[in-house]
file work.csv (CSV, C-alpha atoms)
chain,number,residue,atom,x,y,z
A,1,MET,CA,6.1,75.3,-29.0
A,2,ALA,CA,3.7,72.4,-29.2
A,3,HIS,CA,6.3,69.9,-30.2
A,4,SER,CA,8.5,70.4,-27.2
A,5,SER,CA,5.6,70.1,-24.8
A,6,ARG,CA,4.6,66.9,-26.5
A,7,LEU,CA,8.1,65.5,-26.0
A,8,ARG,CA,7.8,65.9,-22.3
A,9,LEU,CA,4.5,64.1,-22.0
A,10,PRO,CA,4.8,61.4,-19.3
A,11,TYR,CA,3.5,58.6,-21.4
A,12,LEU,CA,4.8,55.5,-23.2
A,13,THR,CA,6.8,54.5,-20.2
A,14,PRO,CA,5.1,51.2,-19.3
A,15,THR,CA,7.2,48.3,-18.1
A,16,VAL,CA,9.3,46.3,-20.6
A,17,GLY,CA,7.1,43.3,-19.9
A,18,LEU,CA,3.9,45.2,-20.9
A,19,LEU,CA,5.5,46.6,-24.0
A,20,LEU,CA,6.7,43.2,-25.1
A,21,ALA,CA,3.3,41.6,-24.4
A,22,LEU,CA,1.6,44.5,-26.3
A,23,GLY,CA,3.9,44.2,-29.3
A,24,GLY,CA,3.5,40.4,-29.3
A,25,GLY,CA,-0.3,40.6,-29.2
A,26,ALA,CA,-0.4,43.3,-31.9
A,27,GLY,CA,2.0,41.3,-34.1
A,28,PHE,CA,0.0,38.0,-33.7
A,29,ILE,CA,-3.3,39.7,-34.6
A,30,ASN,CA,-1.6,41.5,-37.6
A,31,GLY,CA,-0.3,38.2,-38.9
A,32,LEU,CA,-3.5,36.3,-38.3
A,33,LEU,CA,-6.0,38.9,-39.6
A,34,GLY,CA,-3.9,41.2,-41.8
A,35,THR,CA,-5.0,44.1,-39.7
A,36,GLY,CA,-6.0,45.0,-36.2
A,37,GLY,CA,-2.7,45.2,-34.3
A,38,GLY,CA,-2.8,48.9,-34.4
A,39,ILE,CA,-6.2,49.1,-32.8
A,40,LEU,CA,-4.9,47.0,-29.9
A,41,LEU,CA,-1.9,49.3,-29.4
A,42,VAL,CA,-3.9,52.5,-29.6
A,43,LEU,CA,-6.5,51.1,-27.1
A,44,VAL,CA,-3.9,49.9,-24.5
A,45,LEU,CA,-1.5,52.9,-24.8
A,46,GLN,CA,-4.3,55.4,-24.8
A,47,THR,CA,-5.8,53.8,-21.7
A,48,TYR,CA,-2.4,53.8,-20.1
A,49,VAL,CA,-2.0,57.5,-20.8
A,50,ARG,CA,-5.5,58.3,-19.5
A,51,ARG,CA,-4.8,56.4,-16.3
A,52,HIS,CA,-1.4,58.0,-15.6
A,53,THR,CA,-2.2,61.5,-16.6
A,54,ASN,CA,-5.4,63.5,-16.9
A,55,ALA,CA,-8.1,63.9,-19.6
A,56,ALA,CA,-6.4,67.0,-21.2
A,57,VAL,CA,-3.0,65.3,-21.5
A,58,ALA,CA,-4.6,62.1,-22.8
A,59,ALA,CA,-6.5,64.1,-25.5
A,60,GLU,CA,-3.3,65.9,-26.6
A,61,ALA,CA,-1.4,62.6,-26.6
A,62,GLN,CA,-4.0,60.8,-28.8
A,63,ARG,CA,-2.3,61.7,-32.1
A,64,ASP,CA,1.2,60.8,-30.8
A,65,VAL,CA,-0.1,57.4,-29.6
A,66,PHE,CA,-1.6,56.9,-33.0
A,67,ALA,CA,1.7,57.7,-34.8
A,68,THR,CA,3.5,55.4,-32.4
A,69,ALA,CA,1.1,52.5,-33.2
A,70,LEU,CA,1.7,53.2,-36.9
A,71,SER,CA,5.5,53.1,-36.5
A,72,VAL,CA,5.2,49.8,-34.6
A,73,MET,CA,2.8,48.2,-37.1
A,74,LEU,CA,4.7,49.2,-40.3
A,75,PRO,CA,7.7,46.8,-39.9
A,76,ILE,CA,5.5,44.1,-38.5
A,77,SER,CA,3.2,44.5,-41.5
A,78,VAL,CA,6.2,44.2,-43.9
A,79,LEU,CA,6.9,40.7,-42.4
A,80,SER,CA,3.3,39.7,-42.5
A,81,THR,CA,3.1,40.8,-46.2
A,82,ILE,CA,6.2,38.7,-47.0
A,83,LEU,CA,4.6,35.7,-45.3
A,84,TYR,CA,1.3,36.2,-47.1
A,85,ALA,CA,3.2,36.4,-50.4
A,86,ARG,CA,5.0,33.2,-49.7
A,87,GLY,CA,1.7,31.6,-48.9
A,88,GLY,CA,0.4,32.6,-52.3
A,89,THR,CA,-2.4,34.9,-51.1
A,90,LEU,CA,-0.9,38.3,-52.3
A,91,ASP,CA,-2.4,39.9,-55.4
A,92,LEU,CA,0.4,42.3,-56.4
A,93,GLY,CA,-1.0,42.9,-59.9
A,94,GLY,CA,-4.4,43.7,-58.5
A,95,PHE,CA,-3.0,46.2,-56.0
A,96,ALA,CA,-0.7,48.0,-58.4
A,97,PRO,CA,-3.5,50.5,-59.7
A,98,MET,CA,-4.4,51.2,-56.0
A,99,ILE,CA,-0.9,52.5,-55.0
A,100,LEU,CA,-1.5,56.1,-56.1
A,101,PRO,CA,-4.9,56.5,-54.3
A,102,THR,CA,-3.6,54.7,-51.3
A,103,VAL,CA,-0.5,57.0,-51.0
A,104,LEU,CA,-2.6,60.1,-51.7
A,105,GLY,CA,-5.2,59.1,-49.1
A,106,GLY,CA,-2.5,58.3,-46.5
A,107,VAL,CA,-1.0,61.8,-46.8
A,108,LEU,CA,-4.3,63.6,-47.0
A,109,GLY,CA,-5.5,61.8,-43.9
A,110,ALA,CA,-2.4,62.7,-41.9
A,111,PHE,CA,-2.9,66.4,-42.8
A,112,LEU,CA,-6.6,66.2,-42.0
A,113,LEU,CA,-6.0,64.6,-38.6
A,114,ASP,CA,-5.1,68.0,-37.2
A,115,LYS,CA,-7.9,69.9,-38.8
A,116,LEU,CA,-11.1,67.8,-38.4
A,117,ARG,CA,-13.2,66.7,-35.5
A,118,LEU,CA,-13.4,63.0,-36.0
A,119,ASP,CA,-15.9,62.0,-33.3
A,120,TRP,CA,-18.9,61.4,-35.5
A,121,LEU,CA,-16.9,59.7,-38.1
A,122,LYS,CA,-15.3,57.3,-35.6
A,123,ARG,CA,-18.7,56.5,-34.1
A,124,LEU,CA,-20.1,55.8,-37.5
A,125,PHE,CA,-17.1,53.7,-38.4
A,126,SER,CA,-17.3,51.7,-35.2
A,127,LEU,CA,-21.0,51.0,-35.8
A,128,LEU,CA,-20.2,49.8,-39.3
A,129,LEU,CA,-17.5,47.5,-38.0
A,130,LEU,CA,-19.9,46.1,-35.3
A,131,VAL,CA,-22.7,45.3,-37.8
A,132,SER,CA,-20.2,43.9,-40.4
A,133,GLY,CA,-18.6,41.7,-37.8
A,134,VAL,CA,-22.0,40.2,-36.8
A,135,LEU,CA,-22.8,39.7,-40.5
A,136,MET,CA,-19.4,38.1,-41.0
A,137,VAL,CA,-19.8,35.7,-38.1
A,138,VAL,CA,-23.3,34.7,-39.1
A,139,ARG,CA,-22.6,34.4,-42.8
A,140,VAL,CA,-19.6,32.0,-42.5
B,1,MET,CA,-10.2,47.3,-60.8
B,2,THR,CA,-12.5,50.2,-61.6
B,3,PHE,CA,-12.6,53.9,-61.0
B,4,ILE,CA,-14.9,53.2,-58.1
B,5,ASP,CA,-12.4,50.8,-56.6
B,6,MET,CA,-9.8,53.6,-56.7
B,7,LEU,CA,-12.2,56.1,-55.2
B,8,VAL,CA,-13.1,53.7,-52.4
B,9,THR,CA,-9.4,53.1,-51.8
B,10,LEU,CA,-8.7,56.8,-51.6
B,11,LEU,CA,-11.4,57.3,-49.1
B,12,ILE,CA,-10.4,54.4,-46.9
B,13,ALA,CA,-6.7,55.4,-47.1
B,14,THR,CA,-7.7,58.9,-46.0
B,15,MET,CA,-9.5,57.5,-43.0
B,16,SER,CA,-6.6,55.3,-42.3
B,17,GLY,CA,-4.3,58.3,-42.3
B,18,MET,CA,-6.6,60.0,-39.8
B,19,GLY,CA,-6.4,57.0,-37.4
B,20,ILE,CA,-9.9,55.7,-37.9
B,21,GLY,CA,-8.6,52.2,-38.2
B,22,SER,CA,-9.9,51.4,-41.6
B,23,GLY,CA,-8.1,48.2,-42.3
B,24,GLY,CA,-11.2,46.3,-41.4
B,25,LEU,CA,-13.1,48.4,-43.9
B,26,MET,CA,-10.8,47.5,-46.8
B,27,VAL,CA,-11.2,43.8,-46.1
B,28,LEU,CA,-14.9,44.2,-45.8
B,29,TYR,CA,-15.1,46.0,-49.2
B,30,LEU,CA,-13.0,43.4,-50.9
B,31,THR,CA,-14.9,40.4,-49.4
B,32,PHE,CA,-18.5,41.7,-49.4
B,33,VAL,CA,-18.4,44.0,-52.5
B,34,ARG,CA,-15.6,42.5,-54.7
B,35,GLY,CA,-16.1,38.9,-53.6
B,36,ALA,CA,-12.4,38.3,-52.8
B,37,PRO,CA,-11.4,35.3,-50.7
B,38,GLN,CA,-10.7,36.2,-47.0
B,39,LEU,CA,-7.0,35.6,-47.1
B,40,VAL,CA,-6.5,37.4,-50.4
B,41,ALA,CA,-8.4,40.4,-48.9
B,42,GLN,CA,-6.2,40.3,-45.8
B,43,GLY,CA,-3.0,40.2,-48.0
B,44,PHE,CA,-4.4,43.1,-50.1
B,45,ASN,CA,-5.1,45.0,-46.9
B,46,LEU,CA,-1.5,44.5,-45.7
B,47,LEU,CA,-0.2,46.0,-48.9
B,48,PHE,CA,-2.7,48.8,-48.6
B,49,PHE,CA,-1.5,49.5,-45.0
B,50,LEU,CA,2.1,49.5,-46.0
B,51,PHE,CA,1.5,52.2,-48.6
B,52,SER,CA,-1.1,54.3,-46.7
B,53,ALA,CA,0.7,54.1,-43.3
B,54,GLY,CA,4.1,54.6,-45.0
B,55,ALA,CA,2.8,57.8,-46.6
B,56,SER,CA,1.2,59.0,-43.4
B,57,MET,CA,4.4,58.3,-41.4
B,58,VAL,CA,6.3,60.8,-43.5
B,59,ILE,CA,3.9,63.5,-42.2
B,60,HIS,CA,3.5,62.1,-38.7
B,61,LEU,CA,7.3,61.8,-38.1
B,62,ASP,CA,7.5,65.5,-38.6
B,63,ARG,CA,4.5,66.4,-36.4
B,64,ARG,CA,4.3,63.9,-33.6
B,65,SER,CA,6.4,62.6,-30.7
B,66,ILE,CA,7.3,58.9,-31.0
B,67,ARG,CA,9.2,57.2,-28.2
B,68,LEU,CA,11.8,55.1,-30.0
B,69,PRO,CA,12.9,52.7,-27.2
B,70,ALA,CA,9.3,51.7,-26.5
B,71,THR,CA,8.6,51.4,-30.2
B,72,ALA,CA,11.6,49.2,-30.7
B,73,LEU,CA,10.6,46.9,-27.9
B,74,MET,CA,7.1,46.4,-29.3
B,75,ILE,CA,8.5,45.8,-32.8
B,76,ALA,CA,11.0,43.2,-31.4
B,77,ALA,CA,8.1,41.3,-29.8
B,78,GLY,CA,5.7,41.8,-32.6
B,79,LEU,CA,7.8,40.3,-35.4
B,80,PRO,CA,8.0,36.7,-34.2
B,81,ALA,CA,4.4,36.9,-33.1
B,82,ALA,CA,3.4,38.1,-36.6
B,83,TYR,CA,5.2,35.2,-38.0
B,84,LEU,CA,3.2,32.8,-35.8
B,85,GLY,CA,-0.1,34.6,-36.6
B,86,ALA,CA,0.5,34.5,-40.4
B,87,ARG,CA,1.6,30.9,-40.4
B,88,LEU,CA,-1.6,30.1,-38.4
B,89,ALA,CA,-3.8,32.1,-40.8
B,90,LEU,CA,-2.3,30.2,-43.8
B,91,ARG,CA,-3.0,26.8,-42.2
B,92,LEU,CA,-6.5,27.4,-40.8
B,93,PRO,CA,-9.6,26.9,-43.0
B,94,GLU,CA,-10.5,30.2,-44.6
B,95,GLY,CA,-14.0,30.1,-43.0
B,96,ILE,CA,-12.4,30.0,-39.5
B,97,VAL,CA,-10.1,33.0,-40.3
B,98,ALA,CA,-13.1,34.9,-41.7
B,99,ARG,CA,-15.1,34.2,-38.5
B,100,LEU,CA,-12.2,35.3,-36.3
B,101,PHE,CA,-12.0,38.4,-38.4
B,102,GLY,CA,-15.7,38.9,-37.8
B,103,PHE,CA,-15.2,38.6,-34.0
B,104,PHE,CA,-12.3,41.1,-34.3
B,105,LEU,CA,-14.6,43.6,-36.0
B,106,ILE,CA,-17.3,43.2,-33.3
B,107,LEU,CA,-14.7,43.9,-30.6
B,108,ALA,CA,-13.2,46.8,-32.5
B,109,GLY,CA,-16.6,48.3,-33.2
B,110,ALA,CA,-17.8,47.9,-29.6
B,111,ASN,CA,-14.6,49.4,-28.3
B,112,GLY,CA,-14.9,52.4,-30.6
B,113,ILE,CA,-18.5,53.0,-29.4
B,114,LEU,CA,-17.8,52.4,-25.7
B,115,SER,CA,-14.5,54.4,-25.5
B,116,LYS,CA,-16.3,57.4,-26.9
B,117,GLN,CA,-18.9,57.3,-24.2
B,118,GLU,CA,-16.2,57.0,-21.5
B,119,ARG,CA,-14.4,60.2,-22.8
B,120,LYS,CA,-17.7,62.2,-22.9
B,121,THR,CA,-18.4,61.1,-19.3
B,122,LYS,CA,-15.0,62.4,-18.2
B,123,GLU,CA,-15.4,65.7,-19.9
B,124,LYS,CA,-18.8,66.3,-18.2
B,125,SER,CA,-17.6,65.4,-14.7

call {"tool": "encode", "arguments": {"input": "work.csv", "output": "structure tokens"}}
result
Amino acid sequence: MAHSSRLRLPYLTPTVGLLLALGGGAGFINGLLGTGGGILLVLVLQTYVRRHTNAAVAAEAQRDVFATALSVMLPISVLSTILYARGGTLDLGGFAPMILPTVLGGVLGAFLLDKLRLDWLKRLFSLLLLVSGVLMVVRV
Amino acid sequence: MTFIDMLVTLLIATMSGMGIGSGGLMVLYLTFVRGAPQLVAQGFNLLFFLFSAGASMVIHLDRRSIRLPATALMIAAGLPAAYLGARLALRLPEGIVARLFGFFLILAGANGILSKQERKTKEKS
């Protein structure tokens, strides 16, 4: 069964120091920018898997690494959200109508993750981020 | 908030659930299209992440393998660091935070493009 083989994958066993540094870096970015910690986690953990296994295992582990990053960033984001609320920068009323589409999209995306090839979408998204980042730095 | 906002939110949340790291996209939509201040957009994005990732996790917990000790260690280090990061964000001038966000987008975008090339190279060899 696919699940049992995934459980034996030899990844996510970096040293305690690396995990603490990684969690700390992701947490700091999340608090500072309100996003981004998960990207750091996925990048480092996926690189770790790739270096300590092979391309096939790394490809299979990709979804598990993503789910791990989400499970790390959720509680951290709860704290960041509380701190932003205390700082007076949280628009709860404005967000209320967005709860339903947000939850629906989250569930839909988790299902689609197993069914779609995402390469082209990820590339397009990365390009969009790159261009937007340049615009943002230049605009400010 | 309009129907278009809800549709955009649905699309971005779907991308987020698929792991395409769409937090940056939500902040961009709110700042560039909706004209929201940077920190308000970041706060909105945190709420967005809690609901979209929370919903995704219900599915992921059933389908993926998550190493709990490693996860707990990263959370333990991440919480105090997030506290420092958020305190800093709330004290810095908003223009500086927006510029830092822009640099983050450049790095994230470049990483997405470059890591893809690396994978293809390995597949070919």

call {"tool": "closest_residue", "arguments": {"input": "work.csv", "among": "B:Asn111, B:Arg64, B:Tyr83, B:Ala98", "to": "Ser80 in chain A", "atoms": "all atoms listed in the file"}}
result
B:Tyr83

call {"tool": "interface_residues", "arguments": {"input": "work.csv", "of": "chain A", "to": "chain B", "cutoff": "6 Å", "atoms": "only C-alpha atoms", "output": "JSON, numbers by chain"}}
result
{"A": [7, 19, 20, 23, 24, 27, 28, 31, 32, 34, 35, 64, 68, 72, 76, 81, 84, 89, 90, 98, 101, 102, 103, 105, 106, 107, 108, 109, 110, 113, 123, 126, 127, 129, 130, 133, 136, 137, 140]}

call {"tool": "atom_distance", "arguments": {"input": "work.csv", "atom1": "CA of Lys115 in chain A", "atom2": "CA of Arg63 in chain A"}}
result
12.0 Å

call {"tool": "atom_distance", "arguments": {"input": "work.csv", "atom1": "CA of Val49 in chain A", "atom2": "CA of Pro14 in chain A"}}
result
9.6 Å

call {"tool": "atom_distance", "arguments": {"input": "work.csv", "atom1": "CA of Gly17 in chain A", "atom2": "CA of Ser71 in chain A"}}
result
19.3 Å

call {"tool": "build_atoms", "arguments": {"input": "work.csv", "residues": "range 71-89 of chain A", "atoms": "N, CA, C and O atoms", "output": "short mmCIF file (atom, residue, chain, number, x, y, z; two decimals), keeping the file's coordinate frame"}}
result
data_model
loop_
_atom_site.label_atom_id
_atom_site.label_comp_id
_atom_site.auth_asym_id
_atom_site.auth_seq_id
_atom_site.Cartn_x
_atom_site.Cartn_y
_atom_site.Cartn_z
N SER A 71 4.06 53.38 -36.32
CA SER A 71 5.50 53.10 -36.50
C SER A 71 5.83 51.68 -35.98
O SER A 71 6.80 51.09 -36.43
N VAL A 72 5.03 51.14 -35.06
CA VAL A 72 5.20 49.80 -34.60
C VAL A 72 4.69 48.80 -35.69
O VAL A 72 5.32 47.79 -36.04
N MET A 73 3.51 49.13 -36.22
CA MET A 73 2.80 48.20 -37.10
C MET A 73 3.46 48.14 -38.52
O MET A 73 3.30 47.14 -39.23
N LEU A 74 4.17 49.19 -38.92
CA LEU A 74 4.70 49.20 -40.30
C LEU A 74 5.74 48.05 -40.49
O LEU A 74 5.55 47.24 -41.40
N PRO A 75 6.81 47.94 -39.68
CA PRO A 75 7.70 46.80 -39.90
C PRO A 75 7.12 45.46 -39.70
O PRO A 75 7.45 44.50 -40.40
N ILE A 76 6.18 45.39 -38.75
CA ILE A 76 5.50 44.10 -38.50
C ILE A 76 4.67 43.72 -39.75
O ILE A 76 4.65 42.56 -40.17
N SER A 77 4.03 44.72 -40.35
CA SER A 77 3.20 44.50 -41.50
C SER A 77 4.08 44.05 -42.74
O SER A 77 3.62 43.31 -43.61
N VAL A 78 5.31 44.57 -42.78
CA VAL A 78 6.20 44.20 -43.90
C VAL A 78 6.44 42.64 -43.78
O VAL A 78 6.34 41.92 -44.77
N LEU A 79 6.71 42.16 -42.56
CA LEU A 79 6.90 40.70 -42.40
C LEU A 79 5.67 39.93 -42.72
O LEU A 79 5.73 38.92 -43.44
N SER A 80 4.51 40.38 -42.22
CA SER A 80 3.30 39.70 -42.50
C SER A 80 3.01 39.63 -44.03
O SER A 80 2.59 38.60 -44.56
N THR A 81 3.30 40.74 -44.71
CA THR A 81 3.10 40.80 -46.20
C THR A 81 3.98 39.76 -46.87
O THR A 81 3.53 39.05 -47.78
N ILE A 82 5.23 39.68 -46.43
CA ILE A 82 6.20 38.70 -47.00
C ILE A 82 5.63 37.28 -46.82
O ILE A 82 5.63 36.45 -47.73
N LEU A 83 5.13 37.02 -45.62
CA LEU A 83 4.60 35.70 -45.30
C LEU A 83 3.36 35.36 -46.13
O LEU A 83 3.18 34.24 -46.61
N TYR A 84 2.48 36.36 -46.29
CA TYR A 84 1.30 36.20 -47.10
C TYR A 84 1.70 35.91 -48.58
O TYR A 84 1.10 35.10 -49.27
N ALA A 85 2.73 36.64 -49.03
CA ALA A 85 3.20 36.40 -50.40
C ALA A 85 3.73 35.03 -50.60
O ALA A 85 3.44 34.36 -51.60
N ARG A 86 4.49 34.57 -49.62
CA ARG A 86 5.00 33.20 -49.70
C ARG A 86 3.90 32.17 -49.66
O ARG A 86 4.02 31.11 -50.24
N GLY A 87 2.81 32.52 -48.96
CA GLY A 87 1.70 31.60 -48.90
C GLY A 87 0.78 31.66 -50.12
O GLY A 87 -0.22 30.95 -50.21
N GLY A 88 1.13 32.53 -51.07
CA GLY A 88 0.40 32.60 -52.30
C GLY A 88 -0.92 33.36 -52.24
O GLY A 88 -1.81 33.16 -53.06
N THR A 89 -1.08 34.23 -51.25
CA THR A 89 -2.40 34.90 -51.10
C THR A 89 -2.20 36.45 -51.34
O THR A 89 -3.01 37.23 -50.87
#
